[in-house]
$ cat protein-v2.csv   # CSV, C-alpha atoms and all ligand atoms
chain,number,residue,atom,x,y,z
A,931,MET,CA,34.2,2.8,14.4
A,932,ASN,CA,30.6,2.2,15.6
A,933,GLN,CA,28.6,-1.0,14.8
A,934,ASP,CA,27.0,0.5,11.7
A,935,GLN,CA,30.3,1.5,10.3
A,936,MET,CA,31.6,-2.1,10.8
A,937,LYS,CA,28.5,-3.4,9.0
A,938,LYS,CA,29.2,-1.0,6.1
A,939,ALA,CA,32.9,-2.1,6.0
A,940,ALA,CA,31.8,-5.7,5.6
A,941,ALA,CA,29.3,-4.7,2.8
A,942,GLU,CA,32.1,-2.8,1.0
A,943,ALA,CA,34.3,-5.9,1.1
A,944,ALA,CA,31.4,-8.1,-0.3
A,945,ILE,CA,31.2,-5.9,-3.4
A,946,ALA,CA,34.5,-7.5,-4.6
A,947,TYR,CA,32.5,-10.8,-5.1
A,948,VAL,CA,30.2,-9.2,-7.6
A,949,GLU,CA,31.2,-9.9,-11.2
A,950,PRO,CA,29.9,-8.4,-14.4
A,951,GLY,CA,26.8,-10.1,-15.9
A,952,MET,CA,25.8,-11.7,-12.5
A,953,ILE,CA,22.3,-12.0,-11.1
A,954,VAL,CA,22.9,-11.3,-7.5
A,955,GLY,CA,20.9,-12.6,-4.6
A,956,VAL,CA,20.4,-9.8,-2.0
A,957,GLY,CA,19.4,-10.3,1.6
A,958,THR,CA,17.6,-8.2,4.2
A,959,GLY,CA,18.5,-6.0,7.1
A,960,SER,CA,20.7,-3.0,7.9
A,961,THR,CA,23.9,-4.7,6.7
A,962,ALA,CA,22.3,-5.9,3.5
A,963,ASN,CA,21.0,-2.3,3.1
A,964,HIS,CA,24.6,-1.1,3.0
A,965,PHE,CA,25.3,-3.7,0.3
A,966,ILE,CA,22.3,-2.6,-1.7
A,967,ASP,CA,23.3,1.1,-1.6
A,968,LEU,CA,26.8,0.1,-2.8
A,969,LEU,CA,25.5,-2.2,-5.5
A,970,ALA,CA,23.7,0.9,-7.0
A,971,ASP,CA,27.1,1.9,-8.4
A,972,LEU,CA,27.4,-1.4,-10.3
A,973,LYS,CA,23.8,-1.6,-11.6
A,974,ASP,CA,24.7,-1.2,-15.2
A,975,ARG,CA,27.2,-4.0,-15.0
A,976,ILE,CA,25.1,-6.7,-13.4
A,977,ASP,CA,22.1,-8.5,-15.0
A,978,GLY,CA,19.8,-8.0,-12.1
A,979,THR,CA,19.0,-9.1,-8.5
A,980,VAL,CA,16.7,-11.5,-6.6
A,981,ALA,CA,15.6,-10.0,-3.3
A,982,SER,CA,14.9,-12.0,-0.1
A,983,SER,CA,12.2,-9.6,1.1
A,984,GLU,CA,9.7,-7.0,-0.1
A,985,ALA,CA,11.7,-4.3,1.8
A,986,SER,CA,14.9,-5.1,0.0
A,987,ALA,CA,13.1,-5.3,-3.3
A,988,GLN,CA,11.8,-1.8,-2.7
A,989,ARG,CA,15.2,-0.5,-1.8
A,990,LEU,CA,16.8,-2.1,-4.8
A,991,ARG,CA,14.1,-0.6,-7.1
A,992,GLY,CA,14.6,2.8,-5.5
A,993,HIS,CA,18.2,2.7,-6.8
A,994,GLY,CA,17.0,1.7,-10.3
A,995,ILE,CA,18.3,-1.9,-9.8
A,996,GLN,CA,16.3,-4.6,-11.6
A,997,VAL,CA,14.7,-7.1,-9.3
A,998,MET,CA,13.8,-10.5,-10.7
A,999,ASP,CA,11.6,-13.4,-9.7
A,1000,LEU,CA,13.8,-16.3,-8.6
A,1001,ASN,CA,11.8,-18.7,-10.8
A,1002,THR,CA,12.9,-16.6,-13.8
A,1003,ALA,CA,16.5,-16.1,-12.6
A,1004,GLY,CA,17.3,-19.7,-12.0
A,1005,GLN,CA,20.4,-20.7,-10.1
A,1006,LEU,CA,22.3,-17.7,-8.7
A,1007,PRO,CA,26.1,-17.4,-8.6
A,1008,LEU,CA,26.1,-15.2,-5.5
A,1009,TYR,CA,24.0,-14.4,-2.5
A,1010,VAL,CA,25.0,-11.6,0.0
A,1011,ASP,CA,23.2,-11.3,3.3
A,1012,GLY,CA,23.7,-10.4,6.9
A,1013,ALA,CA,23.1,-12.6,10.0
A,1014,ASP,CA,22.2,-12.4,13.7
A,1015,GLU,CA,24.8,-14.9,14.8
A,1016,SER,CA,27.5,-17.1,13.1
A,1017,ASN,CA,29.6,-19.8,14.7
A,1018,HIS,CA,33.1,-20.7,13.5
A,1019,GLN,CA,31.6,-23.3,11.0
A,1020,LEU,CA,29.6,-20.5,9.5
A,1021,HIS,CA,26.3,-22.0,10.7
A,1022,LEU,CA,24.0,-19.0,11.1
A,1023,ILE,CA,21.0,-17.7,13.0
A,1024,LYS,CA,19.0,-15.4,10.7
A,1025,GLY,CA,15.5,-13.9,10.8
A,1026,GLY,CA,15.9,-10.9,13.1
A,1027,GLY,CA,14.3,-9.0,10.3
A,1028,GLY,CA,11.7,-11.7,9.7
A,1029,ALA,CA,12.8,-12.6,6.2
A,1030,LEU,CA,14.2,-16.0,7.1
A,1031,THR,CA,12.1,-18.2,4.7
A,1032,ARG,CA,12.9,-16.2,1.6
A,1033,GLU,CA,16.5,-15.9,2.8
A,1034,LYS,CA,16.8,-19.6,3.1
A,1035,ILE,CA,15.3,-20.1,-0.4
A,1036,VAL,CA,17.7,-17.6,-2.0
A,1037,ALA,CA,20.6,-19.1,-0.1
A,1038,ALA,CA,19.7,-22.6,-1.3
A,1039,ALA,CA,19.5,-21.4,-4.9
A,1040,SER,CA,22.9,-19.8,-4.8
A,1041,ASP,CA,26.4,-21.2,-5.6
A,1042,ARG,CA,28.1,-18.9,-3.1
A,1043,PHE,CA,26.7,-17.4,0.1
A,1044,VAL,CA,28.7,-14.4,1.3
A,1045,CYS,CA,27.6,-13.4,4.8
A,1046,ILE,CA,28.3,-9.9,6.0
A,1047,ALA,CA,28.2,-8.7,9.6
A,1048,ASP,CA,30.0,-6.8,12.3
A,1049,GLU,CA,32.3,-8.8,14.4
A,1050,SER,CA,29.9,-9.0,17.4
A,1051,LYS,CA,27.9,-11.6,15.5
A,1052,LEU,CA,30.7,-14.2,15.7
A,1053,VAL,CA,29.9,-16.6,18.6
A,1054,ASP,CA,31.2,-20.0,19.9
A,1055,MET,CA,27.8,-21.5,20.2
A,1056,LEU,CA,24.5,-20.3,18.5
A,1057,GLY,CA,21.5,-19.5,20.6
A,1058,ALA,CA,22.1,-16.3,22.7
A,1059,PHE,CA,20.2,-14.5,20.0
A,1060,PRO,CA,16.5,-15.5,20.2
A,1061,LEU,CA,15.9,-18.1,17.4
A,1062,PRO,CA,13.3,-16.9,14.9
A,1063,VAL,CA,10.8,-19.5,13.7
A,1064,GLU,CA,8.2,-18.7,11.0
A,1065,VAL,CA,5.0,-20.4,11.7
A,1066,ILE,CA,1.6,-20.9,10.0
A,1067,PRO,CA,-0.8,-18.8,12.2
A,1068,MET,CA,-3.1,-21.7,13.1
A,1069,ALA,CA,-0.2,-23.8,14.4
A,1070,ARG,CA,1.3,-21.0,16.7
A,1071,ALA,CA,0.3,-22.7,20.0
A,1072,LEU,CA,1.1,-26.2,18.9
A,1073,VAL,CA,4.6,-25.1,17.7
A,1074,ALA,CA,5.1,-23.1,20.9
A,1075,ARG,CA,4.4,-26.2,23.0
A,1076,GLU,CA,6.9,-28.2,21.0
A,1077,LEU,CA,9.6,-25.5,21.4
A,1078,ILE,CA,9.0,-25.4,25.1
A,1079,ARG,CA,9.6,-29.2,25.2
A,1080,LEU,CA,13.0,-28.6,23.5
A,1081,GLY,CA,13.9,-26.3,26.4
A,1082,GLY,CA,13.1,-23.0,24.6
A,1083,GLN,CA,11.0,-20.0,25.6
A,1084,PRO,CA,9.0,-18.9,22.6
A,1085,VAL,CA,7.7,-15.4,22.4
A,1086,LEU,CA,5.3,-14.3,19.6
A,1087,ARG,CA,6.8,-11.4,17.7
A,1088,ASP,CA,4.1,-8.8,18.4
A,1089,GLY,CA,2.3,-7.2,15.5
A,1090,PHE,CA,4.5,-8.7,12.9
A,1091,THR,CA,3.4,-10.6,9.8
A,1092,THR,CA,6.0,-12.0,7.4
A,1093,ASP,CA,6.0,-11.4,3.7
A,1094,ASN,CA,4.4,-14.8,3.4
A,1095,GLY,CA,1.5,-14.0,5.7
A,1096,ASN,CA,2.8,-15.9,8.7
A,1097,VAL,CA,3.9,-15.2,12.3
A,1098,ILE,CA,7.3,-15.4,14.0
A,1099,LEU,CA,8.1,-17.1,17.3
A,1100,ASP,CA,11.4,-15.9,18.8
A,1101,VAL,CA,12.8,-18.6,21.0
A,1102,ASP,CA,15.0,-17.7,24.0
A,1103,ASN,CA,17.1,-20.0,26.0
A,1104,LEU,CA,18.3,-22.5,23.4
A,1105,GLN,CA,21.9,-23.6,23.4
A,1106,ILE,CA,22.4,-24.9,19.9
A,1107,SER,CA,25.3,-27.3,20.2
A,1108,ASP,CA,24.3,-29.3,17.1
A,1109,PRO,CA,22.9,-26.8,14.6
A,1110,VAL,CA,22.1,-29.3,11.8
A,1111,ALA,CA,20.1,-31.6,14.2
A,1112,MET,CA,18.3,-28.7,15.7
A,1113,GLU,CA,17.5,-27.2,12.2
A,1114,ASP,CA,16.1,-30.6,11.1
A,1115,HIS,CA,14.1,-31.1,14.3
A,1116,ILE,CA,12.4,-27.8,14.4
A,1117,ASN,CA,11.7,-27.9,10.6
A,1118,GLY,CA,9.9,-31.2,11.2
A,1119,ILE,CA,7.3,-29.7,13.6
A,1120,PRO,CA,4.0,-29.4,11.7
A,1121,GLY,CA,3.1,-25.8,11.1
A,1122,VAL,CA,6.8,-24.6,11.0
A,1123,VAL,CA,7.5,-22.9,7.7
A,1124,THR,CA,11.2,-22.3,8.4
A,1125,VAL,CA,13.5,-22.2,11.4
A,1126,GLY,CA,16.2,-19.4,11.3
A,1127,ILE,CA,19.1,-21.9,11.7
A,1128,PHE,CA,21.2,-21.9,8.5
A,1129,ALA,CA,23.3,-25.0,9.1
A,1130,ARG,CA,22.3,-27.4,6.3
A,1131,ARG,CA,23.2,-24.6,3.9
A,1132,PRO,CA,25.7,-22.5,5.9
A,1133,ALA,CA,27.5,-19.4,4.6
A,1134,ASP,CA,30.5,-20.1,2.3
A,1135,VAL,CA,32.3,-16.9,3.3
A,1136,LEU,CA,31.9,-14.7,6.4
A,1137,ILE,CA,33.1,-11.1,6.2
A,1138,LEU,CA,33.3,-9.5,9.6
A,1139,GLY,CA,33.7,-5.7,10.0
A,1140,GLY,CA,35.7,-4.7,13.1
A,1141,PRO,CA,37.5,-1.7,14.5
A,1142,GLY,CA,40.7,-2.8,12.7
A,1143,GLY,CA,39.1,-3.4,9.4
A,1144,VAL,CA,37.5,-6.5,7.9
A,1145,LYS,CA,38.3,-10.2,8.5
A,1146,THR,CA,37.2,-13.0,6.2
A,1147,LEU,CA,36.4,-16.6,7.3
A,1148,PRO,CA,37.3,-19.3,6.5
B,1,LIG,C1,16.8,-10.6,8.4
B,1,LIG,C2,18.1,-11.2,8.7
B,1,LIG,C3,19.2,-10.2,8.9
B,1,LIG,O1,20.3,-10.6,8.0
B,1,LIG,C4,19.7,-10.3,10.3
B,1,LIG,O2,18.6,-10.0,11.1
B,1,LIG,C5,20.9,-9.2,10.5
B,1,LIG,O3,20.3,-7.9,10.4
B,1,LIG,P1,21.3,-6.7,10.5
B,1,LIG,O4,22.1,-6.7,9.3
B,1,LIG,O5,20.3,-5.5,10.5
B,1,LIG,O6,22.1,-6.8,11.8
B,1,LIG,O7,18.3,-12.4,8.9
B,1,LIG,O8,15.8,-11.6,8.4

$ encode --input "protein-v2.csv" --output "structure tokens"
Amino acid sequence: MNQDQMKKAAAEAAIAYVEPGMIVGVGTGSTANHFIDLLADLKDRIDGTVASSEASAQRLRGHGIQVMDLNTAGQLPLYVDGADESNHQLHLIKGGGGALTREKIVAAASDRFVCIADESKLVDMLGAFPLPVEVIPMARALVARELIRLGGQPVLRDGFTTDNGNVILDVDNLQISDPVAMEDHINGIPGVVTVGIFARRPADVLILGGPGGVKTLP
């Protein structure tokens, strides 16, 4: 089984969490794309979806799946999305695809967050994956200096603009031993829109695809 097949296996397992009549929150990335493709078979049984990015909204609509505005949909029963890293407490690093802000909004609006990934994403300590931080463009240098003070090495994601019109700094060299404190600290820097640490609102369930099948945490 290659990495993509493991992602697909996790997405298949997440379909079991979808119930008739639900409005489903849908994430972004290659694993979420597998989920979207599988959700197409259930499109007549769900009430619609809320997408965490323009790319996912486009893919959902391509399957004829209804995409709703979160303000209309209200509180969601379920959000399914991938991650770049998860620790054993299901604190996540997200934002490899640049959709972290909308992902955090949809996660916050959801009763249950099911995270789907291949097993390589499970780590003991977050931080080997460069931490994405969405930043208002005029604050890029200020935020970068603050991140260097924290011991990180921020790199501007070249040629990338988020769906919200902002830039991303990817921060290397952070060992995130206290994800809640680090999330709060970075979110408090003026000009930061969102940091890609999902610790205040972690995943509720983590489904990991591996060569031997899927494993579910906790
Ligand atoms: C996008 C994300 C993705 O969930 C994360 O990057 C994982 O992507 P993939 O499923 O392609 O490995 O946070 O902003």

$ residues_near_ligand --input "protein-v2.csv" --ligand "ligand LIG 1 (chain B)" --cutoff "6 Å" --atoms "all atoms listed in the file" --output "list of chain:residue names"
A:Thr958, A:Gly959, A:Ser960, A:Thr961, A:Ala962, A:Asp1011, A:Gly1012, A:Ala1013, A:Asp1014, A:Lys1024, A:Gly1025, A:Gly1026, A:Gly1027, A:Gly1028, A:Ala1029, A:Leu1030

$ residues_around --input "protein-v2.csv" --residues "A:Ser1016" --least-positions-apart "6" --cutoff "10 Å" --atoms "all atoms listed in the file" --output "VMD selection string"
chain A and resid 1022 to 1024 1045 1047 1049 to 1057 1127 to 1129 1132 to 1133 1136

$ atom_distance --input "protein-v2.csv" --atom1 "atom CA of A:Gly1082" --atom2 "atom CA of A:Gln1105"
8.9 Å

$ atom_distance --input "protein-v2.csv" --atom1 "atom CA of A:Asn1001" --atom2 "atom CA of A:Val980"
9.7 Å

$ residues_around --input "protein-v2.csv" --residues "stretch 1137-1141 of chain A" --least-positions-apart "6" --cutoff "6 Å" --atoms "all atoms listed in the file" --output "PyMOL selection string"
chain A and resi 931+936-937+939-940+1046-1049

$ closest_residue --input "protein-v2.csv" --among "A:Val1044, A:Ser983, A:Arg989, A:Arg1075" --to "A:Ala941" --atoms "all atoms listed in the file"
A:Val1044

$ closest_residue --input "protein-v2.csv" --among "A:Ser986, A:Gln1005, A:Ser1107, A:Asn1117" --to "A:Gln1019" --atoms "all atoms listed in the file"
A:Ser1107

$ residues_around --input "protein-v2.csv" --residues "A:Ile1066" --least-positions-apart "2" --cutoff "6 Å" --atoms "only C-alpha atoms" --output "PyMOL selection string"
chain A and resi 1068-1069+1096+1121

$ residues_around --input "protein-v2.csv" --residues "A:Ala1074" --least-positions-apart "2" --cutoff "12 Å" --atoms "all atoms listed in the file" --output "ChimeraX atom specification"
/A:1062-1072,1076-1086,1097-1102,1116,1119-1122

$ write_last_selection --input "protein-v2.csv" --atoms "C-alpha atoms" --output "PDB file, in the frame of the given file"
ATOM      1  CA  PRO A1062      13.300 -16.900  14.900  1.00  0.00           C
ATOM      2  CA  VAL A1063      10.800 -19.500  13.700  1.00  0.00           C
ATOM      3  CA  GLU A1064       8.200 -18.700  11.000  1.00  0.00           C
ATOM      4  CA  VAL A1065       5.000 -20.400  11.700  1.00  0.00           C
ATOM      5  CA  ILE A1066       1.600 -20.900  10.000  1.00  0.00           C
ATOM      6  CA  PRO A1067      -0.800 -18.800  12.200  1.00  0.00           C
ATOM      7  CA  MET A1068      -3.100 -21.700  13.100  1.00  0.00           C
ATOM      8  CA  ALA A1069      -0.200 -23.800  14.400  1.00  0.00           C
ATOM      9  CA  ARG A1070       1.300 -21.000  16.700  1.00  0.00           C
ATOM     10  CA  ALA A1071       0.300 -22.700  20.000  1.00  0.00           C
ATOM     11  CA  LEU A1072       1.100 -26.200  18.900  1.00  0.00           C
ATOM     12  CA  GLU A1076       6.900 -28.200  21.000  1.00  0.00           C
ATOM     13  CA  LEU A1077       9.600 -25.500  21.400  1.00  0.00           C
ATOM     14  CA  ILE A1078       9.000 -25.400  25.100  1.00  0.00           C
ATOM     15  CA  ARG A1079       9.600 -29.200  25.200  1.00  0.00           C
ATOM     16  CA  LEU A1080      13.000 -28.600  23.500  1.00  0.00           C
ATOM     17  CA  GLY A1081      13.900 -26.300  26.400  1.00  0.00           C
ATOM     18  CA  GLY A1082      13.100 -23.000  24.600  1.00  0.00           C
ATOM     19  CA  GLN A1083      11.000 -20.000  25.600  1.00  0.00           C
ATOM     20  CA  PRO A1084       9.000 -18.900  22.600  1.00  0.00           C
ATOM     21  CA  VAL A1085       7.700 -15.400  22.400  1.00  0.00           C
ATOM     22  CA  LEU A1086       5.300 -14.300  19.600  1.00  0.00           C
ATOM     23  CA  VAL A1097       3.900 -15.200  12.300  1.00  0.00           C
ATOM     24  CA  ILE A1098       7.300 -15.400  14.000  1.00  0.00           C
ATOM     25  CA  LEU A1099       8.100 -17.100  17.300  1.00  0.00           C
ATOM     26  CA  ASP A1100      11.400 -15.900  18.800  1.00  0.00           C
ATOM     27  CA  VAL A1101      12.800 -18.600  21.000  1.00  0.00           C
ATOM     28  CA  ASP A1102      15.000 -17.700  24.000  1.00  0.00           C
ATOM     29  CA  ILE A1116      12.400 -27.800  14.400  1.00  0.00           C
ATOM     30  CA  ILE A1119       7.300 -29.700  13.600  1.00  0.00           C
ATOM     31  CA  PRO A1120       4.000 -29.400  11.700  1.00  0.00           C
ATOM     32  CA  GLY A1121       3.100 -25.800  11.100  1.00  0.00           C
ATOM     33  CA  VAL A1122       6.800 -24.600  11.000  1.00  0.00           C
TER      34      VAL A1122
END

$ closest_residue --input "protein-v2.csv" --among "A:Ala987, A:Ala944, A:Val1123, A:Leu969" --to "A:Ile1035" --atoms "only C-alpha atoms"
A:Val1123

$ closest_residue --input "protein-v2.csv" --among "A:Ile976, A:Leu990, A:Ala1003, A:Val1073" --to "A:Glu949" --atoms "only C-alpha atoms"
A:Ile976

$ closest_residue --input "protein-v2.csv" --among "A:Thr1092, A:Asn1017, A:Asn1103, A:Ser1040" --to "A:Pro1148" --atoms "only C-alpha atoms"
A:Asn1017

$ residues_around --input "protein-v2.csv" --residues "A:Lys973" --least-positions-apart "6" --cutoff "12 Å" --atoms "all atoms listed in the file" --output "JSON, numbers by chain"
{"A": [945, 948, 949, 950, 951, 952, 953, 954, 966, 967, 979, 990, 991, 992, 993, 994, 995, 996, 997]}

$ atom_distance --input "protein-v2.csv" --atom1 "atom CA of A:Gln935" --atom2 "atom CA of A:Leu968"
13.6 Å

$ decode --input "protein-v2.csv" --residues "stretch 975-1000 of chain A" --atoms "N, CA, C and O atoms" --output "PDB file, in the first residue's frame"
ATOM      1  N   ARG A 975     -28.363  11.604   0.226  1.00  0.00           N
ATOM      2  CA  ARG A 975     -28.793  11.296   1.596  1.00  0.00           C
ATOM      3  C   ARG A 975     -28.362  12.349   2.616  1.00  0.00           C
ATOM      4  O   ARG A 975     -28.815  12.338   3.747  1.00  0.00           O
ATOM      5  N   ILE A 976     -27.455  13.248   2.214  1.00  0.00           N
ATOM      6  CA  ILE A 976     -27.052  14.315   3.145  1.00  0.00           C
ATOM      7  C   ILE A 976     -27.752  15.624   2.751  1.00  0.00           C
ATOM      8  O   ILE A 976     -28.219  15.754   1.626  1.00  0.00           O
ATOM      9  N   ASP A 977     -27.776  16.581   3.696  1.00  0.00           N
ATOM     10  CA  ASP A 977     -28.468  17.850   3.420  1.00  0.00           C
ATOM     11  C   ASP A 977     -27.546  18.875   2.755  1.00  0.00           C
ATOM     12  O   ASP A 977     -28.003  19.928   2.321  1.00  0.00           O
ATOM     13  N   GLY A 978     -26.253  18.592   2.735  1.00  0.00           N
ATOM     14  CA  GLY A 978     -25.313  19.506   2.102  1.00  0.00           C
ATOM     15  C   GLY A 978     -23.972  19.447   2.808  1.00  0.00           C
ATOM     16  O   GLY A 978     -23.742  18.610   3.691  1.00  0.00           O
ATOM     17  N   THR A 979     -23.080  20.352   2.388  1.00  0.00           N
ATOM     18  CA  THR A 979     -21.731  20.415   2.957  1.00  0.00           C
ATOM     19  C   THR A 979     -21.335  21.870   3.180  1.00  0.00           C
ATOM     20  O   THR A 979     -21.916  22.781   2.592  1.00  0.00           O
ATOM     21  N   VAL A 980     -20.330  22.049   4.032  1.00  0.00           N
ATOM     22  CA  VAL A 980     -19.637  23.342   4.161  1.00  0.00           C
ATOM     23  C   VAL A 980     -18.174  23.054   3.866  1.00  0.00           C
ATOM     24  O   VAL A 980     -17.591  22.125   4.451  1.00  0.00           O
ATOM     25  N   ALA A 981     -17.572  23.795   2.960  1.00  0.00           N
ATOM     26  CA  ALA A 981     -16.197  23.530   2.533  1.00  0.00           C
ATOM     27  C   ALA A 981     -15.213  24.458   3.236  1.00  0.00           C
ATOM     28  O   ALA A 981     -15.522  25.622   3.489  1.00  0.00           O
ATOM     29  N   SER A 982     -14.006  23.939   3.497  1.00  0.00           N
ATOM     30  CA  SER A 982     -12.995  24.752   4.167  1.00  0.00           C
ATOM     31  C   SER A 982     -12.088  25.488   3.181  1.00  0.00           C
ATOM     32  O   SER A 982     -11.129  26.135   3.605  1.00  0.00           O
ATOM     33  N   SER A 983     -12.380  25.364   1.883  1.00  0.00           N
ATOM     34  CA  SER A 983     -11.567  26.093   0.897  1.00  0.00           C
ATOM     35  C   SER A 983     -12.336  26.187  -0.407  1.00  0.00           C
ATOM     36  O   SER A 983     -13.270  25.412  -0.662  1.00  0.00           O
ATOM     37  N   GLU A 984     -11.897  27.109  -1.242  1.00  0.00           N
ATOM     38  CA  GLU A 984     -12.502  27.241  -2.576  1.00  0.00           C
ATOM     39  C   GLU A 984     -12.228  25.974  -3.394  1.00  0.00           C
ATOM     40  O   GLU A 984     -13.092  25.519  -4.151  1.00  0.00           O
ATOM     41  N   ALA A 985     -11.034  25.387  -3.219  1.00  0.00           N
ATOM     42  CA  ALA A 985     -10.687  24.180  -3.990  1.00  0.00           C
ATOM     43  C   ALA A 985     -11.628  23.024  -3.641  1.00  0.00           C
ATOM     44  O   ALA A 985     -12.124  22.319  -4.527  1.00  0.00           O
ATOM     45  N   SER A 986     -11.900  22.843  -2.349  1.00  0.00           N
ATOM     46  CA  SER A 986     -12.800  21.753  -1.950  1.00  0.00           C
ATOM     47  C   SER A 986     -14.226  22.036  -2.398  1.00  0.00           C
ATOM     48  O   SER A 986     -14.947  21.127  -2.818  1.00  0.00           O
ATOM     49  N   ALA A 987     -14.638  23.314  -2.306  1.00  0.00           N
ATOM     50  CA  ALA A 987     -15.985  23.678  -2.751  1.00  0.00           C
ATOM     51  C   ALA A 987     -16.157  23.333  -4.237  1.00  0.00           C
ATOM     52  O   ALA A 987     -17.178  22.772  -4.649  1.00  0.00           O
ATOM     53  N   GLN A 988     -15.123  23.623  -4.996  1.00  0.00           N
ATOM     54  CA  GLN A 988     -15.172  23.342  -6.440  1.00  0.00           C
ATOM     55  C   GLN A 988     -15.266  21.831  -6.699  1.00  0.00           C
ATOM     56  O   GLN A 988     -16.046  21.377  -7.532  1.00  0.00           O
ATOM     57  N   ARG A 989     -14.498  21.059  -5.939  1.00  0.00           N
ATOM     58  CA  ARG A 989     -14.527  19.599  -6.128  1.00  0.00           C
ATOM     59  C   ARG A 989     -15.881  19.028  -5.721  1.00  0.00           C
ATOM     60  O   ARG A 989     -16.436  18.159  -6.385  1.00  0.00           O
ATOM     61  N   LEU A 990     -16.418  19.543  -4.616  1.00  0.00           N
ATOM     62  CA  LEU A 990     -17.738  19.084  -4.158  1.00  0.00           C
ATOM     63  C   LEU A 990     -18.794  19.396  -5.224  1.00  0.00           C
ATOM     64  O   LEU A 990     -19.596  18.528  -5.592  1.00  0.00           O
ATOM     65  N   ARG A 991     -18.772  20.616  -5.722  1.00  0.00           N
ATOM     66  CA  ARG A 991     -19.779  21.008  -6.730  1.00  0.00           C
ATOM     67  C   ARG A 991     -19.613  20.181  -8.004  1.00  0.00           C
ATOM     68  O   ARG A 991     -20.595  19.838  -8.662  1.00  0.00           O
ATOM     69  N   GLY A 992     -18.374  19.838  -8.315  1.00  0.00           N
ATOM     70  CA  GLY A 992     -18.106  18.991  -9.489  1.00  0.00           C
ATOM     71  C   GLY A 992     -18.797  17.642  -9.393  1.00  0.00           C
ATOM     72  O   GLY A 992     -19.137  17.028 -10.410  1.00  0.00           O
ATOM     73  N   HIS A 993     -19.011  17.184  -8.181  1.00  0.00           N
ATOM     74  CA  HIS A 993     -19.732  15.918  -7.958  1.00  0.00           C
ATOM     75  C   HIS A 993     -21.238  16.152  -7.820  1.00  0.00           C
ATOM     76  O   HIS A 993     -21.976  15.205  -7.532  1.00  0.00           O
ATOM     77  N   GLY A 994     -21.671  17.406  -7.934  1.00  0.00           N
ATOM     78  CA  GLY A 994     -23.105  17.692  -7.750  1.00  0.00           C
ATOM     79  C   GLY A 994     -23.513  17.722  -6.292  1.00  0.00           C
ATOM     80  O   GLY A 994     -24.698  17.587  -5.971  1.00  0.00           O
ATOM     81  N   ILE A 995     -22.544  17.905  -5.397  1.00  0.00           N
ATOM     82  CA  ILE A 995     -22.841  17.981  -3.955  1.00  0.00           C
ATOM     83  C   ILE A 995     -23.076  19.442  -3.591  1.00  0.00           C
ATOM     84  O   ILE A 995     -22.272  20.319  -3.951  1.00  0.00           O
ATOM     85  N   GLN A 996     -24.142  19.686  -2.845  1.00  0.00           N
ATOM     86  CA  GLN A 996     -24.470  21.065  -2.465  1.00  0.00           C
ATOM     87  C   GLN A 996     -23.442  21.613  -1.465  1.00  0.00           C
ATOM     88  O   GLN A 996     -23.097  20.936  -0.484  1.00  0.00           O
ATOM     89  N   VAL A 997     -22.967  22.833  -1.708  1.00  0.00           N
ATOM     90  CA  VAL A 997     -22.042  23.508  -0.796  1.00  0.00           C
ATOM     91  C   VAL A 997     -22.754  24.723  -0.210  1.00  0.00           C
ATOM     92  O   VAL A 997     -23.291  25.545  -0.942  1.00  0.00           O
ATOM     93  N   MET A 998     -22.762  24.802   1.117  1.00  0.00           N
ATOM     94  CA  MET A 998     -23.498  25.867   1.801  1.00  0.00           C
ATOM     95  C   MET A 998     -22.547  26.833   2.489  1.00  0.00           C
ATOM     96  O   MET A 998     -21.403  26.479   2.812  1.00  0.00           O
ATOM     97  N   ASP A 999     -23.058  28.030   2.741  1.00  0.00           N
ATOM     98  CA  ASP A 999     -22.334  29.022   3.542  1.00  0.00           C
ATOM     99  C   ASP A 999     -22.447  28.607   5.010  1.00  0.00           C
ATOM    100  O   ASP A 999     -23.536  28.213   5.458  1.00  0.00           O
ATOM    101  N   LEU A1000     -21.366  28.699   5.750  1.00  0.00           N
ATOM    102  CA  LEU A1000     -21.408  28.301   7.160  1.00  0.00           C
ATOM    103  C   LEU A1000     -22.419  29.130   7.950  1.00  0.00           C
ATOM    104  O   LEU A1000     -23.051  28.628   8.882  1.00  0.00           O
TER     105      LEU A1000
END
